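Below: coords22.txt (compact mmCIF, C-alpha atoms)
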# COMPACT_ATOMS: atom_id res chain seq x y z
CA MET C 1 0.00 0.00 0.00
CA ALA C 2 1.37 3.42 -0.90
CA TYR C 3 1.48 6.19 1.72
CA ARG C 4 -1.11 8.17 -0.26
CA GLU C 5 -3.49 5.20 -0.25
CA ILE C 6 -3.03 4.74 3.50
CA ALA C 7 -3.76 8.46 4.02
CA GLU C 8 -6.98 8.16 2.01
CA VAL C 9 -8.12 5.00 3.77
CA ALA C 10 -7.25 6.18 7.26
CA GLY C 11 -8.49 9.72 6.56
CA CYS C 12 -5.39 11.48 7.82
CA PRO C 13 -2.69 13.69 6.30
CA LEU C 14 0.35 12.20 4.59
CA GLY C 15 2.65 13.53 7.32
CA THR C 16 0.62 11.70 9.95
CA VAL C 17 0.93 8.46 8.00
CA MET C 18 4.68 8.96 7.88
CA SER C 19 5.02 9.61 11.61
CA ARG C 20 2.66 6.76 12.58
CA LEU C 21 4.54 4.32 10.38
CA ALA C 22 7.80 5.46 12.00
CA ARG C 23 6.27 4.96 15.45
CA GLY C 24 4.82 1.58 14.42
CA ARG C 25 8.18 0.40 13.16
CA ALA C 26 9.88 1.52 16.36
CA LEU C 27 7.28 -0.37 18.44
CA LEU C 28 7.63 -3.47 16.27
CA ARG C 29 11.38 -3.31 16.59
CA SER C 30 11.22 -2.98 20.39
CA ALA C 31 8.81 -5.92 20.58
CA LEU C 32 11.03 -8.10 18.42
CA VAL C 33 14.16 -7.20 20.38
CA ARG C 34 12.36 -7.92 23.66
CA GLN C 35 11.21 -11.29 22.36
CA ALA C 36 14.70 -12.11 21.06
CA ARG C 37 16.16 -11.31 24.49
CA GLU C 38 13.56 -13.42 26.27
CA ARG C 39 14.46 -16.36 24.05
CA GLY C 40 18.17 -15.79 24.52
CA ILE C 41 18.74 -15.08 20.82
CA VAL C 42 20.54 -11.80 21.56
CA GLY C 43 22.38 -10.50 24.61
CA GLY C 44 20.36 -8.97 27.43
CA ARG C 45 22.41 -5.92 28.33
CA PRO C 46 20.23 -2.82 28.29
CA GLY C 47 21.10 -0.45 25.50
CA GLU C 48 22.92 -3.10 23.52
CA ARG C 49 22.44 -2.78 19.78
CA ALA C 50 20.68 -6.01 19.13
CA ILE C 51 19.93 -5.59 15.45
CA ARG C 52 22.44 -4.36 12.96
CA MET O 1 15.51 20.19 8.40
CA ASN O 2 16.51 18.83 11.82
CA CYS O 3 17.50 15.24 12.46
CA ARG O 4 14.29 14.35 14.27
CA ALA O 5 12.15 15.31 11.28
CA MET O 6 14.65 13.71 8.94
CA ARG O 7 14.30 10.28 10.62
CA GLU O 8 10.71 9.98 9.38
CA ARG O 9 11.66 11.11 5.92
CA VAL O 10 14.47 8.56 5.84
CA GLN O 11 11.89 5.79 6.29
CA ALA O 12 9.78 7.23 3.48
CA TYR O 13 12.97 7.35 1.39
CA ALA O 14 13.64 3.68 2.13
CA ASP O 15 10.03 2.90 1.12
CA ASP O 16 10.62 4.72 -2.18
CA GLU O 17 7.85 7.12 -1.27
CA LEU O 18 9.70 10.40 -1.79
CA GLY O 19 9.86 12.08 -5.14
CA VAL O 20 13.16 12.91 -6.79
CA GLU O 21 13.50 16.22 -4.92
CA GLY O 22 12.73 14.60 -1.56
CA ALA O 23 15.18 11.78 -2.23
CA ILE O 24 17.94 14.24 -3.13
CA GLU O 25 17.25 16.18 0.06
CA VAL O 26 17.50 13.02 2.18
CA GLU O 27 20.65 11.83 0.42
CA ALA O 28 22.28 15.22 0.94
CA HIS O 29 21.46 15.10 4.64
CA LEU O 30 22.70 11.51 5.02
CA ALA O 31 25.97 12.44 3.34
CA GLY O 32 26.67 15.06 5.99
CA CYS O 33 25.14 13.50 9.10
CA SER O 34 26.67 10.34 10.50
CA SER O 35 23.98 9.98 13.16
CA CYS O 36 21.13 9.86 10.62
CA ARG O 37 23.25 7.65 8.35
CA ASP O 38 23.66 5.17 11.21
CA ALA O 39 19.91 5.28 11.81
CA PHE O 40 19.25 4.63 8.13
CA GLU O 41 21.65 1.68 8.01
CA SER O 42 20.13 0.27 11.18
CA GLN O 43 16.62 0.56 9.74
CA ARG O 44 17.72 -1.10 6.56
CA ALA O 45 19.24 -4.00 8.49
CA PHE O 46 16.03 -4.29 10.51
CA ARG O 47 13.92 -4.53 7.35
CA HIS O 48 16.16 -7.19 5.88
CA MET O 49 15.96 -9.16 9.10
CA VAL O 50 12.17 -8.97 9.25
CA ARG O 51 11.84 -9.96 5.60
CA ALA O 52 14.16 -12.90 6.13
CA LEU O 53 12.59 -14.13 9.35
CA TYR O 54 8.91 -13.48 8.66
CA PRO O 55 8.23 -14.36 5.04
CA GLN O 56 4.56 -15.10 5.72
CA GLN O 57 1.99 -12.84 4.18
CA ALA O 58 -0.84 -11.33 6.16
CA PRO O 59 -4.03 -13.44 6.19
CA PRO O 60 -5.65 -13.09 2.77
CA ASP O 61 -8.85 -11.54 4.06
CA LEU O 62 -7.22 -9.06 6.48
CA GLU O 63 -7.22 -6.18 4.02
CA ARG O 64 -10.87 -6.80 3.15
CA ARG O 65 -11.90 -6.93 6.81
CA ILE O 66 -10.05 -3.72 7.60
CA ALA O 67 -11.55 -1.99 4.57
CA ALA O 68 -15.02 -3.21 5.57
CA GLY O 69 -14.54 -1.60 8.97
CA LEU O 70 -13.33 1.68 7.55
CA TRP O 71 -16.06 2.44 5.02
CA PRO O 72 -18.07 4.29 6.11
CA PRO O 73 -16.09 5.60 9.09
CA SER O 74 -17.89 4.99 12.34
CA ARG O 75 -18.98 8.19 14.08
CA ARG O 76 -20.66 6.35 16.89
CA TRP O 77 -17.60 4.46 17.95
CA PRO O 78 -14.64 6.78 17.39
CA LEU O 79 -12.38 4.57 19.50
CA LEU O 80 -13.20 1.56 17.38
CA ALA O 81 -12.66 3.58 14.20
CA SER O 82 -9.27 4.80 15.37
CA GLY O 83 -8.42 1.23 16.41
CA ILE O 84 -9.27 -0.02 12.94
CA ALA O 85 -7.26 2.84 11.41
CA ALA O 86 -4.31 1.76 13.54
CA ALA O 87 -4.84 -1.83 12.36
CA ALA O 88 -4.81 -0.57 8.77
CA LEU O 89 -1.47 1.09 9.42
CA VAL O 90 -0.09 -2.09 10.98
CA ALA O 91 -1.32 -4.10 7.98
CA ALA O 92 0.32 -1.58 5.66
CA LEU O 93 3.50 -1.78 7.70
CA VAL O 94 3.52 -5.57 7.49
CA GLY O 95 2.95 -5.25 3.75
CA LEU O 96 5.86 -2.85 3.37
CA LEU O 97 8.16 -5.04 5.40
CA THR O 98 7.29 -8.31 3.69
CA ARG O 99 7.07 -6.89 0.18
CA GLY O 100 9.23 -8.78 -2.23
CA SER O 101 9.54 -12.05 -0.35
CA GLU O 102 8.75 -14.47 -3.16
CA ALA O 103 9.20 -17.48 -0.90
CA ALA O 104 5.91 -16.58 0.77
CA LEU O 105 3.90 -16.86 -2.44
CA PRO O 106 1.64 -19.85 -3.10
CA ALA O 107 3.52 -22.72 -4.74
CA GLU O 108 1.39 -22.48 -7.92
CA VAL O 109 2.38 -18.82 -8.32
CA ARG O 110 6.07 -19.50 -7.78
CA ALA O 111 5.92 -22.29 -10.35
CA ALA O 112 4.09 -19.99 -12.81
CA LEU O 113 6.81 -17.36 -12.36
CA GLU O 114 9.45 -19.97 -13.16
CA VAL O 115 7.65 -21.00 -16.35
CA HIS O 116 7.26 -17.36 -17.37
CA ARG O 117 10.93 -16.60 -16.74
CA ALA O 118 11.89 -19.60 -18.84
CA ALA O 119 9.56 -18.34 -21.60
CA ALA O 120 11.26 -14.94 -21.48
CA HIS O 121 14.51 -16.74 -22.33
CA GLY O 122 13.04 -18.75 -25.17
CA GLY O 123 12.30 -21.82 -23.06
CA ALA O 124 8.50 -21.80 -23.07
CA PRO O 125 6.99 -25.30 -22.62
CA LEU O 126 4.96 -25.22 -25.82
CA GLY O 127 3.25 -28.31 -27.17
CA LEU O 128 1.78 -26.35 -30.05
CA ALA O 129 3.26 -23.28 -31.74
CA SER O 130 0.42 -21.40 -33.38
CA HIS O 131 -1.00 -17.91 -33.85
CA ASP O 132 -4.49 -19.26 -34.40
CA ALA O 133 -6.87 -19.12 -31.41
CA GLY O 134 -9.16 -21.78 -32.92
CA GLU O 135 -6.33 -24.23 -33.34
CA ILE O 136 -5.04 -23.57 -29.82
CA ASN O 137 -8.55 -24.01 -28.40
CA ARG O 138 -8.98 -27.40 -30.07
CA TRP O 139 -5.57 -28.57 -28.93
CA LEU O 140 -6.07 -27.46 -25.30
CA HIS O 141 -9.54 -29.01 -25.11
CA ARG O 142 -7.93 -32.34 -25.93
CA GLU O 143 -5.17 -31.84 -23.36
CA VAL O 144 -7.03 -30.44 -20.33
CA PRO O 145 -10.67 -31.15 -19.47
CA PHE O 146 -11.42 -27.84 -17.77
CA PHE O 147 -10.21 -25.44 -20.45
CA ALA O 148 -12.39 -22.50 -21.53
CA ASP O 149 -12.03 -21.10 -25.04
CA LEU O 150 -9.71 -18.23 -25.81
CA PRO O 151 -11.38 -15.22 -27.41
CA SER O 152 -11.39 -15.28 -31.17
CA ALA O 153 -11.36 -11.48 -31.42
CA GLU O 154 -8.13 -9.78 -32.32
CA THR O 155 -6.29 -8.75 -29.18
CA SER O 156 -4.71 -5.39 -28.70
CA GLY O 157 -0.94 -5.36 -28.98
CA PHE O 158 -0.50 -9.07 -28.27
CA ALA O 159 0.01 -11.97 -30.61
CA LEU O 160 -0.74 -15.58 -29.73
CA HIS O 161 2.46 -17.57 -29.82
CA GLY O 162 1.44 -21.05 -28.71
CA ALA O 163 0.15 -23.31 -25.97
CA GLY O 164 1.23 -26.14 -23.75
CA THR O 165 0.45 -27.89 -20.52
CA VAL O 166 2.44 -27.47 -17.32
CA GLU O 167 2.45 -28.80 -13.78
CA LEU O 168 2.13 -26.03 -11.23
CA ALA O 169 2.86 -27.48 -7.80
CA GLY O 170 1.24 -30.76 -8.77
CA THR O 171 -1.73 -29.15 -10.52
CA ARG O 172 -2.07 -29.66 -14.26
CA ALA O 173 -2.63 -26.34 -16.00
CA ALA O 174 -3.11 -25.07 -19.52
CA TYR O 175 -0.45 -22.63 -20.64
CA VAL O 176 -0.86 -19.98 -23.33
CA LEU O 177 1.99 -17.73 -24.44
CA TYR O 178 1.49 -14.29 -25.96
CA ASP O 179 4.10 -12.01 -27.45
CA GLY O 180 3.73 -8.43 -26.32
CA THR O 181 5.63 -5.23 -26.84
CA SER O 182 7.08 -5.53 -23.29
CA GLY O 183 8.10 -9.16 -23.64
CA PRO O 184 6.07 -12.34 -23.25
CA VAL O 185 2.80 -12.62 -21.38
CA SER O 186 1.94 -16.00 -19.87
CA LEU O 187 -1.60 -17.13 -19.18
CA PHE O 188 -2.22 -20.18 -17.02
CA VAL O 189 -5.65 -21.80 -16.72
CA LEU O 190 -6.11 -24.00 -13.65
CA PRO O 191 -8.98 -25.89 -12.06
CA ARG O 192 -11.00 -23.74 -9.67
CA HIS O 193 -9.58 -25.39 -6.54
CA ALA O 194 -6.11 -24.10 -7.36
CA TRP O 195 -7.18 -20.47 -6.82
CA PRO O 196 -4.21 -18.87 -5.05
CA ALA O 197 -4.83 -16.63 -2.05
CA MET O 198 -2.13 -13.99 -2.34
CA GLY O 199 -1.30 -10.33 -2.48
CA ARG O 200 -3.76 -7.52 -2.88
CA GLN O 201 -7.41 -8.06 -3.49
CA LEU O 202 -9.55 -6.15 -5.95
CA ARG O 203 -13.19 -6.84 -6.62
CA SER O 204 -14.69 -5.76 -9.91
CA GLY O 205 -18.33 -6.72 -10.21
CA THR O 206 -18.58 -10.45 -9.64
CA VAL O 207 -14.92 -11.12 -10.32
CA GLU O 208 -12.34 -11.11 -7.54
CA PHE O 209 -8.82 -10.30 -8.65
CA ARG O 210 -5.64 -10.71 -6.68
CA TRP O 211 -2.29 -9.40 -7.73
CA ILE O 212 1.31 -9.11 -6.64
CA GLU O 213 4.45 -7.65 -8.15
CA THR O 214 7.71 -9.45 -7.63
CA GLY O 215 11.10 -9.45 -9.32
CA GLY O 216 9.93 -7.12 -12.10
CA HIS O 217 6.87 -9.24 -12.87
CA ARG O 218 3.20 -8.79 -12.13
CA VAL O 219 1.02 -11.80 -11.37
CA LEU O 220 -2.70 -11.26 -11.70
CA ALA O 221 -5.03 -14.03 -10.51
CA TRP O 222 -8.77 -14.32 -10.84
CA THR O 223 -11.36 -16.99 -10.81
CA HIS O 224 -14.42 -17.60 -12.89
CA ASP O 225 -16.11 -20.97 -12.38
CA PRO O 226 -15.08 -23.59 -13.16
CA VAL O 227 -11.52 -22.35 -13.61
CA SER O 228 -8.90 -19.98 -12.19
CA TYR O 229 -6.46 -17.89 -14.15
CA LEU O 230 -2.94 -16.66 -13.54
CA LEU O 231 -1.54 -14.01 -15.85
CA VAL O 232 2.17 -13.22 -15.59
CA SER O 233 3.58 -10.18 -17.35
CA ASP O 234 6.28 -7.56 -17.08
CA ALA O 235 5.47 -5.28 -14.13
CA ALA O 236 6.07 -2.26 -16.38
CA LEU O 237 3.07 -3.26 -18.46
CA ALA O 238 0.00 -1.30 -17.39
CA PRO O 239 -2.69 -3.58 -15.88
CA SER O 240 -5.20 -2.32 -18.45
CA GLN O 241 -2.82 -3.42 -21.20
CA THR O 242 -2.55 -6.83 -19.55
CA CYS O 243 -6.32 -7.19 -19.79
CA ALA O 244 -5.99 -6.66 -23.53
CA VAL O 245 -4.61 -10.20 -23.75
CA CYS O 246 -8.12 -11.58 -23.45
CA HIS O 247 -10.23 -8.59 -24.38
CA SER O 248 -10.50 -6.69 -27.61
CA GLY O 249 -9.09 -3.36 -26.52
CA THR O 250 -8.90 -2.25 -22.92
CA GLY O 251 -12.53 -1.20 -22.70
CA ALA O 252 -13.74 -4.75 -22.25
CA ALA O 253 -12.07 -4.89 -18.85
CA ALA O 254 -14.71 -2.46 -17.62
CA ASP O 255 -17.37 -5.12 -18.07
CA PRO O 256 -16.72 -7.61 -15.28
CA GLN O 257 -19.85 -9.60 -16.10
CA THR O 258 -18.24 -10.79 -19.27
CA ASN O 259 -16.49 -14.14 -19.08
CA ILE O 260 -12.94 -13.00 -19.29
CA LEU O 261 -11.93 -15.74 -21.71
CA THR O 262 -15.02 -16.67 -23.67
CA GLY O 263 -16.43 -13.18 -24.01
CA GLU O 264 -19.85 -14.51 -23.02
CA ASN O 265 -22.03 -12.46 -20.76
CA PRO O 266 -24.01 -14.68 -18.37
CA SER O 267 -26.45 -11.95 -17.31

Show the structure stored in the file as structure tokens.
Amino acid sequence: MAYREIAEVAGCPLGTVMSRLARGRALLRSALVRQARERGIVGGRPGERAIR
Amino acid sequence: MNCRAMRERVQAYADDELGVEGAIEVEAHLAGCSSCRDAFESQRAFRHMVRALYPQQAPPDLERRIAAGLWPPSRRWPLLASGIAAAALVAALVGLLTRGSEAALPAEVRAALEVHRAAAHGGAPLGLASHDAGEINRWLHREVPFFADLPSAETSGFALHGAGTVELAGTRAAYVLYDGTSGPVSLFVLPRHAWPAMGRQLRSGTVEFRWIETGGHRVLAWTHDPVSYLLVSDAALAPSQTCAVCHSGTGAAADPQTNILTGENPS
């Protein structure tokens, strides 16, 4: 889906789509890192760059 | 533009959503800002990781369910509406992250792509080389029991090249090759049960289409009892041009009641 399509469907400005996608990605990333730590896939030190 | 605002634009840049001017602006900033460059590289690595680890596509009816909840927007339940809007964004995000992972496609579609790629290099599995729709129809009727006739009308910009039969993930399918201005176009006719649930969904009248673009190709799938169709073409070819394979001119695509292959109108 293109950003413009998302903006039309969700009824919000393009800039809002951009910032919400950025926030969504950050949340998804945090959730994945947390899960990876819980399963011992990556190290557990806070602040460690888990995904490069 | 400050770095905080630039971080959002960098994601849009990575999604190929900025125009030329926007892309130049982002590239200029990245060239002079190591912090944003690190963020960009990190995001890129994250996308690659997600694509590699989560090749599954979203459930096929998710987009339809979200769309059904969005139109018309609910005024009575603003929280629900905003929740659905958030779900739409998540679905879009999943779509952006998983875009391009061919491994997640249905096996029939992957097999069809392989046949099409072989055809593009002169290796089409043709059992009959012919430009004549009547001859191809007779041949395919003998080979596959479920085949529907090709249109006899002249197509627009495409020439029939031949036909064959192929196995797509264990399903026997009719194969028809067209020559187009943007390379070959492959049409596969399968039994109804082989209808692949994939990609984006579009409903036009009584016909449900699904389509994906991958590796420079577009795969368009639709079903019309008792058969399903897969059409593989160059992604640069406009979808309306693709329809011209089976319709005389692009206008016929506007009439979804018409049997897309036989030209018959059941209503």

### Query
Which neighbours of region 22-26 of chain C fall inside 9 Å, counting only C-alpha atoms, when residues of the same chain fewer than 2 positions from it are skipped, and could you give them as a count of residues only?
15

## Note on the structure
CA of Pro125 (chain O) sits from CA of Glu167 (chain O) at a separation of 10.5 Å

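The two atoms in question, CA of His131 (chain O) and CA of Gly216 (chain O), are spaced 26.6 Å apart.
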
#### Entry: Distance in Å - CA of Phe147 (chain O) versus CA of Gly215 (chain O)
28.9 Å

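For the choices O:Ala111, O:Ala129, O:Ala235, O:Leu105, the atom-to-atom distance to Ser182 (chain O) is smallest for O:Ala235 when using only C-alpha atoms.
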